[in-house]
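Novice: What follows is run.cif, made up of mmCIF, C-alpha atoms:
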```
data_work
loop_
_atom_site.label_atom_id
_atom_site.label_comp_id
_atom_site.auth_asym_id
_atom_site.auth_seq_id
_atom_site.Cartn_x
_atom_site.Cartn_y
_atom_site.Cartn_z
CA MET A 1 234.80 49.53 125.06
CA THR A 2 234.47 52.96 126.32
CA LEU A 3 232.23 55.45 127.98
CA ASP A 4 232.04 57.33 124.65
CA ILE A 5 228.75 55.52 124.05
CA LEU A 6 227.27 57.71 126.77
CA ARG A 7 228.60 60.99 125.37
CA PRO A 8 225.67 61.86 123.05
CA TYR A 9 223.26 61.38 125.95
CA GLU A 10 225.16 63.41 128.53
CA THR A 11 224.25 66.87 129.74
CA LEU A 12 227.60 68.49 130.44
CA HIS A 13 228.13 70.64 133.52
CA ASP A 14 231.17 72.75 134.29
CA LEU A 15 231.12 72.91 138.07
CA PRO A 16 233.05 74.85 140.71
CA ALA A 17 234.49 73.28 143.85
CA GLY A 18 232.01 72.40 146.59
CA LYS A 19 228.98 71.88 144.35
CA LEU A 20 226.56 69.23 145.62
CA LEU A 21 225.67 66.57 143.01
CA PHE A 22 223.35 64.61 145.27
CA ARG A 23 222.58 64.28 148.93
CA GLU A 24 222.56 61.14 151.09
CA GLY A 25 219.05 59.66 151.14
CA GLU A 26 217.93 61.17 147.83
CA PRO A 27 216.69 58.81 145.13
CA ALA A 28 219.15 58.20 142.29
CA ASP A 29 217.90 59.94 139.17
CA GLY A 30 220.92 59.26 137.00
CA VAL A 31 224.68 58.82 136.78
CA TYR A 32 227.47 61.41 136.52
CA VAL A 33 230.39 60.67 134.20
CA LEU A 34 233.40 62.45 135.62
CA HIS A 35 235.45 63.99 132.77
CA SER A 36 237.86 66.10 134.79
CA GLY A 37 238.47 67.02 138.41
CA GLY A 38 237.26 64.98 141.36
CA VAL A 39 234.12 64.20 143.33
CA ALA A 40 234.20 63.45 147.05
CA LEU A 41 231.75 60.95 148.50
CA ALA A 42 230.77 61.80 152.06
CA PHE A 43 228.98 59.63 154.58
CA SER A 44 227.20 61.48 157.36
CA ASN A 45 228.95 64.63 156.11
CA LYS A 46 232.39 63.06 156.48
CA PRO A 47 234.33 62.72 153.18
CA MET A 48 235.50 59.13 152.76
CA VAL A 49 236.72 58.79 149.17
CA VAL A 50 237.49 61.00 146.17
CA LEU A 51 236.67 59.71 142.69
CA GLY A 52 238.67 60.81 139.66
CA PRO A 53 238.22 61.28 135.89
CA GLY A 54 236.77 58.28 134.06
CA GLU A 55 234.65 57.19 137.01
CA ILE A 56 230.85 57.10 137.03
CA VAL A 57 229.38 58.64 140.17
CA GLY A 58 226.12 57.09 141.37
CA LEU A 59 226.54 53.93 139.31
CA THR A 60 225.96 51.35 142.04
CA THR A 61 223.01 53.29 143.41
CA VAL A 62 221.32 53.27 140.01
CA MET A 63 222.10 49.59 139.50
CA SER A 64 220.71 48.57 142.86
CA ASN A 65 217.72 50.89 142.52
CA ARG A 66 218.13 52.40 145.96
CA ALA A 67 218.55 55.83 147.48
CA HIS A 68 222.03 57.36 147.65
CA ASP A 69 223.80 56.21 150.81
CA CYS A 70 226.31 59.04 150.56
CA SER A 71 226.49 62.63 149.37
CA ALA A 72 228.64 63.65 146.39
CA VAL A 73 230.37 67.02 146.30
CA THR A 74 232.80 68.32 143.67
CA HIS A 75 236.37 68.26 144.91
CA GLY A 76 237.86 71.21 143.03
CA ALA A 77 236.51 72.42 139.70
CA CYS A 78 235.28 69.61 137.49
CA VAL A 79 233.38 68.69 134.36
CA VAL A 80 230.67 66.04 134.68
CA GLY A 81 228.22 64.61 132.19
CA PHE A 82 224.82 63.70 133.61
CA VAL A 83 222.87 60.81 132.08
CA GLU A 84 219.32 60.19 133.24
CA LYS A 85 218.69 56.84 134.89
CA ALA A 86 216.11 55.66 132.34
CA VAL A 87 218.38 56.61 129.45
CA PHE A 88 221.37 54.89 131.06
CA LEU A 89 219.43 51.67 131.65
CA ARG A 90 218.08 51.78 128.10
CA LEU A 91 221.61 52.18 126.73
CA LEU A 92 222.74 49.12 128.67
CA ASP A 93 219.93 47.20 126.99
CA GLU A 94 220.80 48.48 123.55
CA GLN A 95 224.59 48.38 123.85
CA PRO A 96 225.63 45.19 125.64
CA ALA A 97 229.27 46.22 125.24
CA LEU A 98 228.66 48.84 127.91
CA TRP A 99 227.98 46.09 130.44
CA LEU A 100 231.57 44.93 130.71
CA THR A 101 232.71 48.47 131.54
CA VAL A 102 230.00 48.79 134.16
CA LEU A 103 230.83 45.43 135.75
CA ARG A 104 234.53 46.24 135.76
CA MET A 105 233.91 49.63 137.39
CA ILE A 106 231.77 48.20 140.15
CA SER A 107 234.31 45.41 140.69
CA GLU A 108 237.12 47.97 141.00
CA ASN A 109 235.00 49.90 143.51
CA ILE A 110 234.49 46.78 145.60
CA ASN A 111 238.19 45.98 145.54
CA ALA A 112 238.96 49.52 146.67
CA CYS A 113 236.49 49.11 149.54
CA TRP A 114 238.08 45.88 150.67
CA GLN A 115 241.53 47.48 150.55
CA SER A 116 240.21 50.34 152.70
CA MET A 117 238.71 47.88 155.15
CA ARG A 118 242.03 46.06 155.40
CA ALA A 119 243.79 49.35 156.10
CA LEU A 120 241.21 50.39 158.70
CA ALA A 121 241.36 47.03 160.43
CA VAL A 122 245.07 47.21 161.10
CA ARG A 123 245.00 50.76 162.50
CA MET B 1 216.72 11.17 150.25
CA PRO B 2 219.96 11.15 152.30
CA SER B 3 222.56 13.67 151.18
CA PRO B 4 225.98 14.76 152.39
CA TYR B 5 225.87 17.05 155.46
CA ASN B 6 222.05 16.68 155.47
CA LEU B 7 221.78 19.41 152.85
CA GLU B 8 218.69 19.79 150.74
CA VAL B 9 220.44 19.60 147.39
CA GLU B 10 219.15 21.06 144.13
CA TYR B 11 221.24 19.97 141.15
CA ASN B 12 219.09 21.63 138.53
CA CYS B 13 218.81 25.43 138.70
CA SER B 14 215.78 25.40 136.40
CA GLU B 15 213.88 23.40 139.01
CA CYS B 16 215.13 25.31 142.04
CA HIS B 17 212.08 26.39 144.07
CA VAL B 18 213.83 29.34 145.76
CA ARG B 19 215.30 30.81 142.57
CA ALA B 20 212.69 33.58 142.40
CA ASP B 21 213.86 34.93 145.77
CA ARG B 22 217.50 35.15 144.77
CA LEU B 23 219.01 38.35 143.43
CA PHE B 24 221.32 36.65 140.93
CA CYS B 25 219.43 33.48 140.02
CA ASN B 26 216.05 35.08 139.39
CA MET B 27 216.50 35.14 135.62
CA SER B 28 214.53 33.97 132.59
CA PRO B 29 214.31 30.20 131.92
CA ASP B 30 216.71 30.54 128.95
CA ALA B 31 219.37 32.30 130.99
CA VAL B 32 219.02 29.78 133.84
CA ALA B 33 219.26 26.84 131.43
CA ALA B 34 222.47 28.32 130.04
CA LEU B 35 223.82 28.67 133.58
CA ASP B 36 222.89 25.05 134.29
CA ALA B 37 224.99 23.99 131.33
CA VAL B 38 228.22 25.55 132.64
CA LYS B 39 227.97 25.13 136.41
CA PHE B 40 229.29 22.35 138.62
CA THR B 41 227.41 21.59 141.82
CA GLY B 42 229.48 21.02 144.93
CA LEU B 43 228.59 20.19 148.54
CA TYR B 44 230.99 21.49 151.15
CA PRO B 45 231.31 20.90 154.90
CA LYS B 46 231.77 23.77 157.33
CA GLY B 47 235.30 25.17 157.16
CA SER B 48 235.90 24.57 153.44
CA LEU B 49 238.20 27.12 151.87
CA LEU B 50 236.75 28.08 148.48
CA PHE B 51 239.45 30.53 147.43
CA VAL B 52 242.17 32.51 149.11
CA GLU B 53 243.18 36.15 148.96
CA GLY B 54 245.92 36.64 146.35
CA GLU B 55 245.01 33.53 144.35
CA GLU B 56 244.48 33.94 140.59
CA PRO B 57 240.72 33.83 139.90
CA ARG B 58 239.47 30.39 138.85
CA GLY B 59 235.83 31.39 138.63
CA VAL B 60 232.76 32.20 140.69
CA PHE B 61 230.90 30.27 143.37
CA ILE B 62 227.14 30.75 143.59
CA LEU B 63 226.06 30.13 147.17
CA CYS B 64 222.86 28.06 146.94
CA SER B 65 222.54 27.16 150.62
CA GLY B 66 224.61 27.65 153.75
CA ARG B 67 226.79 30.64 154.52
CA ALA B 68 230.39 31.66 153.95
CA LYS B 69 232.67 34.24 155.48
CA LEU B 70 234.75 36.55 153.32
CA THR B 71 237.96 37.58 155.03
CA THR B 72 241.01 39.69 154.37
CA SER B 73 244.28 39.60 156.28
CA SER B 74 246.95 42.17 156.98
CA THR B 75 250.65 41.40 156.53
CA GLU B 76 250.80 41.19 160.34
CA GLY B 77 248.34 38.32 160.19
CA LYS B 78 245.32 40.19 161.55
CA THR B 79 242.12 38.84 159.98
CA LEU B 80 239.03 40.89 159.24
CA ILE B 81 235.70 39.40 158.18
CA VAL B 82 234.45 41.75 155.48
CA LYS B 83 231.16 39.98 154.91
CA ILE B 84 229.06 36.97 155.83
CA ALA B 85 227.71 35.77 152.48
CA GLU B 86 224.13 34.49 152.42
CA PRO B 87 222.39 32.11 149.99
CA GLY B 88 221.99 33.64 146.54
CA GLU B 89 225.28 35.52 146.58
CA VAL B 90 227.92 35.10 143.92
CA LEU B 91 231.39 34.82 145.44
CA GLY B 92 234.56 35.81 143.61
CA ALA B 93 232.76 37.76 140.88
CA SER B 94 234.84 40.95 141.03
CA ALA B 95 238.17 39.09 140.72
CA THR B 96 236.76 36.88 137.99
CA ILE B 97 235.49 39.87 135.98
CA LEU B 98 238.69 41.88 136.42
CA GLY B 99 241.06 38.95 135.94
CA LYS B 100 242.89 40.06 139.08
CA PRO B 101 243.71 37.95 142.16
CA TYR B 102 240.92 37.41 144.68
CA GLU B 103 240.95 40.34 147.13
CA VAL B 104 239.43 38.23 149.91
CA SER B 105 239.31 34.62 151.05
CA ALA B 106 236.03 32.68 151.21
CA GLU B 107 235.34 29.89 153.70
CA THR B 108 232.08 28.13 154.48
CA ILE B 109 230.83 28.55 158.04
CA GLU B 110 228.01 26.04 157.59
CA PRO B 111 227.60 22.99 155.36
CA SER B 112 226.86 24.59 152.01
CA GLN B 113 225.84 23.91 148.43
CA LEU B 114 227.78 25.99 145.92
CA ASN B 115 227.61 26.02 142.15
CA PHE B 116 231.00 26.71 140.59
CA VAL B 117 231.38 28.34 137.17
CA LYS B 118 234.84 28.46 135.59
CA ARG B 119 236.13 31.96 134.77
CA GLU B 120 236.15 31.54 130.98
CA ASP B 121 232.64 30.07 131.08
CA PHE B 122 231.35 32.85 133.32
CA LEU B 123 232.77 35.60 131.08
CA LYS B 124 231.32 33.89 128.01
CA TYR B 125 228.01 33.58 129.82
CA LEU B 126 227.99 37.30 130.64
CA ASN B 127 228.86 38.17 127.03
CA THR B 128 225.97 36.16 125.68
CA HIS B 129 223.38 36.96 128.37
CA PRO B 130 222.91 40.69 129.10
CA GLU B 131 220.29 39.68 131.65
CA ALA B 132 223.02 37.92 133.65
CA CYS B 133 225.09 41.14 133.45
CA LEU B 134 222.21 43.06 135.00
CA HIS B 135 221.85 40.53 137.81
CA THR B 136 225.61 40.44 138.37
CA ALA B 137 225.75 44.26 138.44
CA ARG B 138 222.93 44.37 141.01
CA GLN B 139 224.65 41.73 143.08
CA LEU B 140 228.00 43.55 142.93
CA SER B 141 226.33 46.88 143.72
CA GLU B 142 224.74 45.42 146.83
CA LYS B 143 228.14 44.06 147.85
CA TYR B 144 229.66 47.49 147.27
CA HIS B 145 227.06 49.20 149.45
CA SER B 146 227.52 46.60 152.14
CA ALA B 147 231.30 47.18 152.05
CA GLN B 148 230.72 50.93 152.27
CA ARG B 149 228.58 50.40 155.37
CA GLU B 150 231.38 48.37 156.95
CA ILE B 151 233.93 51.05 156.13
CA ARG B 152 231.69 53.67 157.63
CA SER B 153 231.35 51.58 160.74
CA LEU B 154 235.07 50.82 161.00
CA GLY B 155 236.18 54.30 160.04
CA LEU B 156 233.72 56.43 161.92
CA SER B 157 233.18 54.47 165.10
CA GLN B 158 235.10 55.99 167.96
CA THR B 159 235.14 52.96 170.24
CA THR B 160 235.00 49.18 169.99
CA SER B 161 231.80 49.21 171.99
CA GLU B 162 230.27 51.44 169.31
CA LYS B 163 231.42 49.07 166.56
CA LEU B 164 229.87 46.11 168.37
CA ALA B 165 226.65 48.07 168.93
CA ARG B 166 226.53 48.90 165.18
CA LEU B 167 227.01 45.23 164.31
CA LEU B 168 224.20 44.12 166.61
CA LEU B 169 221.89 46.84 165.26
CA ASP B 170 222.71 45.72 161.72
CA TRP B 171 221.81 42.13 162.65
CA CYS B 172 218.56 43.37 164.24
CA ASP B 173 217.62 45.14 161.00
CA ARG B 174 218.58 42.28 158.70
CA GLY B 175 217.46 39.14 160.47
CA GLY B 176 216.11 40.00 163.90
CA GLU B 177 212.91 38.34 165.05
CA SER B 178 210.66 40.26 167.45
CA THR B 179 209.78 38.19 170.53
CA THR B 180 208.43 38.95 173.97
CA LYS B 181 212.00 38.77 175.34
CA GLY B 182 213.32 41.27 172.79
CA ILE B 183 214.75 41.01 169.29
CA ARG B 184 216.06 37.50 168.79
CA LEU B 185 219.28 37.10 166.80
CA LYS B 186 220.56 33.68 165.83
CA VAL B 187 224.31 34.04 166.32
CA LEU B 188 226.29 31.32 164.63
CA LEU B 189 229.57 33.18 164.89
CA THR B 190 232.14 32.60 167.60
CA HIS B 191 233.43 35.50 169.67
CA GLU B 192 236.64 35.21 167.63
CA GLU B 193 234.68 35.66 164.41
CA ILE B 194 232.68 38.59 165.81
CA ALA B 195 236.02 40.12 166.77
CA GLN B 196 237.21 39.65 163.20
CA MET B 197 234.13 41.48 161.95
CA ILE B 198 234.85 44.61 163.93
CA GLY B 199 238.65 44.53 163.95
CA THR B 200 239.27 43.73 167.59
CA THR B 201 240.28 40.81 169.81
CA ARG B 202 238.22 37.88 171.04
CA GLU B 203 238.85 38.95 174.64
CA THR B 204 237.41 42.41 173.98
CA VAL B 205 234.25 40.97 172.39
CA THR B 206 233.72 38.60 175.34
CA ARG B 207 234.22 41.47 177.79
CA LEU B 208 231.89 43.84 175.89
CA LEU B 209 229.13 41.24 175.54
CA SER B 210 229.32 40.56 179.29
CA ASP B 211 229.14 44.29 179.85
CA PHE B 212 226.04 44.54 177.58
CA ARG B 213 224.44 41.68 179.50
CA ARG B 214 225.18 43.30 182.83
CA LYS B 215 223.55 46.52 181.61
CA LYS B 216 220.55 44.48 180.41
CA ILE B 217 221.07 45.58 176.81
CA ILE B 218 221.22 41.98 175.64
CA ASP B 219 220.66 38.48 176.94
CA VAL B 220 222.15 35.26 175.63
CA LYS B 221 220.46 31.85 175.58
CA GLY B 222 222.45 29.16 173.76
CA SER B 223 223.07 30.27 170.20
CA SER B 224 220.38 32.94 170.46
CA MET B 225 221.01 36.50 171.51
CA PHE B 226 218.15 38.75 172.58
CA VAL B 227 218.48 42.48 172.17
CA ILE B 228 216.46 43.68 175.16
CA SER B 229 217.12 47.40 174.77
CA LYS B 230 217.63 48.54 171.20
CA PRO B 231 217.54 52.23 172.26
CA GLN B 232 220.57 51.66 174.48
CA LEU B 233 222.46 50.16 171.53
CA GLU B 234 221.42 53.11 169.37
CA HIS B 235 222.64 55.46 172.06
CA LEU B 236 226.10 53.85 171.86
CA VAL B 237 226.25 54.61 168.16
CA SER B 238 227.23 58.22 167.90
CA VAL B 239 227.26 58.61 164.08
#
```
How would this structure read if it were set down as structure tokens?
Specialist:
Amino acid sequence: MTLDILRPYETLHDLPAGKLLFREGEPADGVYVLHSGGVALAFSNKPMVVLGPGEIVGLTTVMSNRAHDCSAVTHGACVVGFVEKAVFLRLLDEQPALWLTVLRMISENINACWQSMRALAVR
Amino acid sequence: MPSPYNLEVEYNCSECHVRADRLFCNMSPDAVAALDAVKFTGLYPKGSLLFVEGEEPRGVFILCSGRAKLTTSSTEGKTLIVKIAEPGEVLGASATILGKPYEVSAETIEPSQLNFVKREDFLKYLNTHPEACLHTARQLSEKYHSAQREIRSLGLSQTTSEKLARLLLDWCDRGGESTTKGIRLKVLLTHEEIAQMIGTTRETVTRLLSDFRRKKIIDVKGSSMFVISKPQLEHLVSV
């Protein structure tokens, strides 16, 4: 399974470094598939993690139907594909194969968080 | 009817009266019946180790009642509580989905009812029930956001007193009860466990709580803590 399912529904953006994708507190209106470059997630204006190609930015926010709890800013030049929330959720309904990828991605994100917490705890 | 550990036990998910309030279990009757067919109900006393960090994933535990702590340990043996799991949470889902060792350990901190689903059964269940995928994704997303909050607290707090203040404020927001004496928090964690939640020592937690009491920020009566001055706690949190 692959994120190629999303490709026909993406609006591609070629972005320079420092471009804001979304701001902390804003409602999630869709997901950003990162094709190249990186996106930094910042909490209270402090960058905490940089996501790389193949990641979906804003995924957990869309899934939990909440406002963004961080801001996302391009980290260097990058290409992202934006998929509207309603379209993304409809695709999940229509293409169950997409679910496994989504669940795996969120699981990887959680594991990364727990590894960070372990590192922070032993400082 | 008497039951082990005085738990109110529900063996049949389809008849569970709190199912509608639970993020994962609130599914259609068909999906719940399918879950019933693959789950094993277990009753556990306080202190039961469900799985340990580094262990190959055997499956998921759905916490029906009680609470469990999720912990991770450094190679130096320092333990950090990454989350206190509440009823309705699915434990071990990320490892089970990824087929990678559990990243954390899970241990009950109260007598608990847990429904266990073997890994192969859970994956089959997800493959055949997209609705369960949605509920699992929501559940995992909430866990992710909760972990992010903890990282923010651990990473951005300048002092241990700030970390403790953040923890108490979080408890106020999530389960605090307004009373005439202040916001009442039912604290079932030991000072050692609170220390493990904010990455410090038991001695520091005891000292800081005494300090908060002296400054009339909190008061403690038995297992209840009263936050008398929430603004003072907020003042300690600089971020």
Novice: Have a look at B:Thr71, B:Asn26, B:Ser3, B:Ser48 and name the one nearest to chain A; count only C-alpha atoms.
Specialist: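 For chain A, the nearest of the candidates is B:Thr71.
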Novice: Once the PyMOL selection byres ((chain B) within 6 of (chain A)) has been evaluated on this model, what residues remain selected, and can you format them as a list of chain:residue names?
Specialist: B:Ser94, B:Ala137, B:Arg138, B:Ser141, B:Tyr144, B:Ile151, B:Gly199
Novice: Check which residues satisfy the PyMOL selection byres ((chain B and resi 205) around 8) in the file shown, then give them as a ChimeraX atom specification.
Specialist: /B:164,191-192,194-195,200-204,206-209
Novice: Let me see the file: selected residues, C-alpha atoms, as a PDB file, in the frame of the given file.
Specialist:
```pdb
ATOM      1  CA  LEU B 164     229.870  46.110 168.370  1.00  0.00           C
ATOM      2  CA  HIS B 191     233.430  35.500 169.670  1.00  0.00           C
ATOM      3  CA  GLU B 192     236.640  35.210 167.630  1.00  0.00           C
ATOM      4  CA  ILE B 194     232.680  38.590 165.810  1.00  0.00           C
ATOM      5  CA  ALA B 195     236.020  40.120 166.770  1.00  0.00           C
ATOM      6  CA  THR B 200     239.270  43.730 167.590  1.00  0.00           C
ATOM      7  CA  THR B 201     240.280  40.810 169.810  1.00  0.00           C
ATOM      8  CA  ARG B 202     238.220  37.880 171.040  1.00  0.00           C
ATOM      9  CA  GLU B 203     238.850  38.950 174.640  1.00  0.00           C
ATOM     10  CA  THR B 204     237.410  42.410 173.980  1.00  0.00           C
ATOM     11  CA  THR B 206     233.720  38.600 175.340  1.00  0.00           C
ATOM     12  CA  ARG B 207     234.220  41.470 177.790  1.00  0.00           C
ATOM     13  CA  LEU B 208     231.890  43.840 175.890  1.00  0.00           C
ATOM     14  CA  LEU B 209     229.130  41.240 175.540  1.00  0.00           C
TER      15      LEU B 209
END
```
Novice: To one decimal place in Å, what is the distance between atom CA of B:Ile109 and atom CA of B:Ala68?
Specialist: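 Going from atom CA of B:Ile109 over to atom CA of B:Ala68 covers 5.2 Å.
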Novice: Excluding same-chain residues fewer than 3 positions from stretch 5-11 of chain A, what lies within 8 Å of it counting only C-alpha atoms, as JSON, numbers by chain?
Specialist: {"A": [2, 81, 82, 83, 87, 88, 91, 98]}
Novice: Report as a VMD selection string the full result of the PyMOL selection byres ((chain A and resi 39) around 12) when it is applied to this structure.
Specialist: chain A and resid 15 to 22 32 to 38 40 to 42 47 to 58 70 to 80
Novice: Atom CA of B:Leu236 and atom CA of A:Glu24 are how many Å apart?
Specialist: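 Separating atom CA of B:Leu236 from atom CA of A:Glu24 is a distance of 22.3 Å.
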Novice: Let me have the centre and edge lengths of the axis-aligned box enclosing all listed atoms of stretch 46-52 of chain A with 4 Å padding on every side, in Å to one decimal, as lines of an AutoDock Vina configuration file.
Specialist:
```
center_x = 235.5
center_y = 60.9
center_z = 148.1
size_x = 14.3
size_y = 12.3
size_z = 24.8
```
Novice: Of the candidates B:Ser178, B:Leu189, B:Leu98, B:Val90, which shows the shortest atom-to-atom distance to B:Ala132, using all atoms listed in the file?
Specialist: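 Closest to B:Ala132, using all atoms listed in the file: B:Val90.
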Novice: Calculate how many Å separate atom CA of B:Lys215 from atom CA of B:Ser161, rounding to one decimal.
Specialist: 13.0 Å
Novice: Kindly indicate which residue among B:Lys69, B:Lys124, B:His145, B:Lys181 lies nearest to B:Ile217, using only C-alpha atoms for the distances.
Specialist: B:Lys181
Novice: Starting from the incomplete input, reconstruct N, CA and C atoms of stretch 58-85 of chain B and report them as a JSON list (two decimals), keeping the file's coordinate frame.
Specialist:
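Writing the result to result07.json gives the following:
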```
[["chain", "number", "residue", "atom", "x", "y", "z"],
["B", 58, "ARG", "N", 239.83, 31.61, 139.61],
["B", 58, "ARG", "CA", 239.47, 30.39, 138.85],
["B", 58, "ARG", "C", 238.05, 30.48, 138.33],
["B", 59, "GLY", "N", 237.23, 31.28, 139.03],
["B", 59, "GLY", "CA", 235.83, 31.39, 138.63],
["B", 59, "GLY", "C", 234.99, 31.87, 139.78],
["B", 60, "VAL", "N", 233.67, 31.72, 139.64],
["B", 60, "VAL", "CA", 232.76, 32.20, 140.69],
["B", 60, "VAL", "C", 232.06, 31.02, 141.37],
["B", 61, "PHE", "N", 231.68, 31.24, 142.61],
["B", 61, "PHE", "CA", 230.90, 30.27, 143.37],
["B", 61, "PHE", "C", 229.54, 30.90, 143.68],
["B", 62, "ILE", "N", 228.49, 30.26, 143.27],
["B", 62, "ILE", "CA", 227.14, 30.75, 143.59],
["B", 62, "ILE", "C", 226.68, 29.99, 144.83],
["B", 63, "LEU", "N", 226.43, 30.75, 145.89],
["B", 63, "LEU", "CA", 226.06, 30.13, 147.17],
["B", 63, "LEU", "C", 224.57, 29.79, 147.14],
["B", 64, "CYS", "N", 224.27, 28.50, 147.04],
["B", 64, "CYS", "CA", 222.86, 28.06, 146.94],
["B", 64, "CYS", "C", 222.25, 27.90, 148.33],
["B", 65, "SER", "N", 223.01, 27.30, 149.23],
["B", 65, "SER", "CA", 222.54, 27.16, 150.62],
["B", 65, "SER", "C", 223.75, 27.20, 151.53],
["B", 66, "GLY", "N", 223.51, 27.50, 152.81],
["B", 66, "GLY", "CA", 224.61, 27.65, 153.75],
["B", 66, "GLY", "C", 225.10, 29.08, 153.78],
["B", 67, "ARG", "N", 226.22, 29.29, 154.44],
["B", 67, "ARG", "CA", 226.79, 30.64, 154.52],
["B", 67, "ARG", "C", 228.30, 30.54, 154.44],
["B", 68, "ALA", "N", 228.93, 31.64, 154.06],
["B", 68, "ALA", "CA", 230.39, 31.66, 153.95],
["B", 68, "ALA", "C", 230.91, 32.99, 154.46],
["B", 69, "LYS", "N", 232.09, 32.97, 155.04],
["B", 69, "LYS", "CA", 232.67, 34.24, 155.48],
["B", 69, "LYS", "C", 233.73, 34.67, 154.48],
["B", 70, "LEU", "N", 233.74, 35.97, 154.19],
["B", 70, "LEU", "CA", 234.75, 36.55, 153.32],
["B", 70, "LEU", "C", 235.72, 37.30, 154.22],
["B", 71, "THR", "N", 236.99, 36.96, 154.13],
["B", 71, "THR", "CA", 237.96, 37.58, 155.03],
["B", 71, "THR", "C", 239.13, 38.17, 154.27],
["B", 72, "THR", "N", 239.76, 39.14, 154.91],
["B", 72, "THR", "CA", 241.01, 39.69, 154.37],
["B", 72, "THR", "C", 241.99, 39.75, 155.53],
["B", 73, "SER", "N", 243.28, 39.61, 155.21],
["B", 73, "SER", "CA", 244.28, 39.60, 156.28],
["B", 73, "SER", "C", 245.35, 40.65, 156.02],
["B", 74, "SER", "N", 245.85, 41.22, 157.11],
["B", 74, "SER", "CA", 246.95, 42.17, 156.98],
["B", 74, "SER", "C", 248.26, 41.39, 156.93],
["B", 75, "THR", "N", 249.34, 42.08, 156.58],
["B", 75, "THR", "CA", 250.65, 41.40, 156.53],
["B", 75, "THR", "C", 251.06, 40.93, 157.92],
["B", 76, "GLU", "N", 250.48, 41.60, 158.96],
["B", 76, "GLU", "CA", 250.80, 41.19, 160.34],
["B", 76, "GLU", "C", 249.98, 39.98, 160.77],
["B", 77, "GLY", "N", 249.12, 39.52, 159.88],
["B", 77, "GLY", "CA", 248.34, 38.32, 160.19],
["B", 77, "GLY", "C", 246.99, 38.60, 160.84],
["B", 78, "LYS", "N", 246.62, 39.86, 160.96],
["B", 78, "LYS", "CA", 245.32, 40.19, 161.55],
["B", 78, "LYS", "C", 244.23, 39.93, 160.51],
["B", 79, "THR", "N", 243.19, 39.19, 160.91],
["B", 79, "THR", "CA", 242.12, 38.84, 159.98],
["B", 79, "THR", "C", 240.89, 39.68, 160.23],
["B", 80, "LEU", "N", 240.27, 40.13, 159.14],
["B", 80, "LEU", "CA", 239.03, 40.89, 159.24],
["B", 80, "LEU", "C", 237.98, 40.20, 158.39],
["B", 81, "ILE", "N", 236.81, 39.94, 158.98],
["B", 81, "ILE", "CA", 235.70, 39.40, 158.18],
["B", 81, "ILE", "C", 235.02, 40.58, 157.51],
["B", 82, "VAL", "N", 235.05, 40.61, 156.18],
["B", 82, "VAL", "CA", 234.45, 41.75, 155.48],
["B", 82, "VAL", "C", 232.98, 41.52, 155.20],
["B", 83, "LYS", "N", 232.57, 40.25, 155.20],
["B", 83, "LYS", "CA", 231.16, 39.98, 154.91],
["B", 83, "LYS", "C", 230.82, 38.53, 155.26],
["B", 84, "ILE", "N", 229.60, 38.32, 155.71],
["B", 84, "ILE", "CA", 229.06, 36.97, 155.83],
["B", 84, "ILE", "C", 228.14, 36.81, 154.63],
["B", 85, "ALA", "N", 228.51, 35.94, 153.70],
["B", 85, "ALA", "CA", 227.71, 35.77, 152.48],
["B", 85, "ALA", "C", 226.53, 34.85, 152.76]]
```
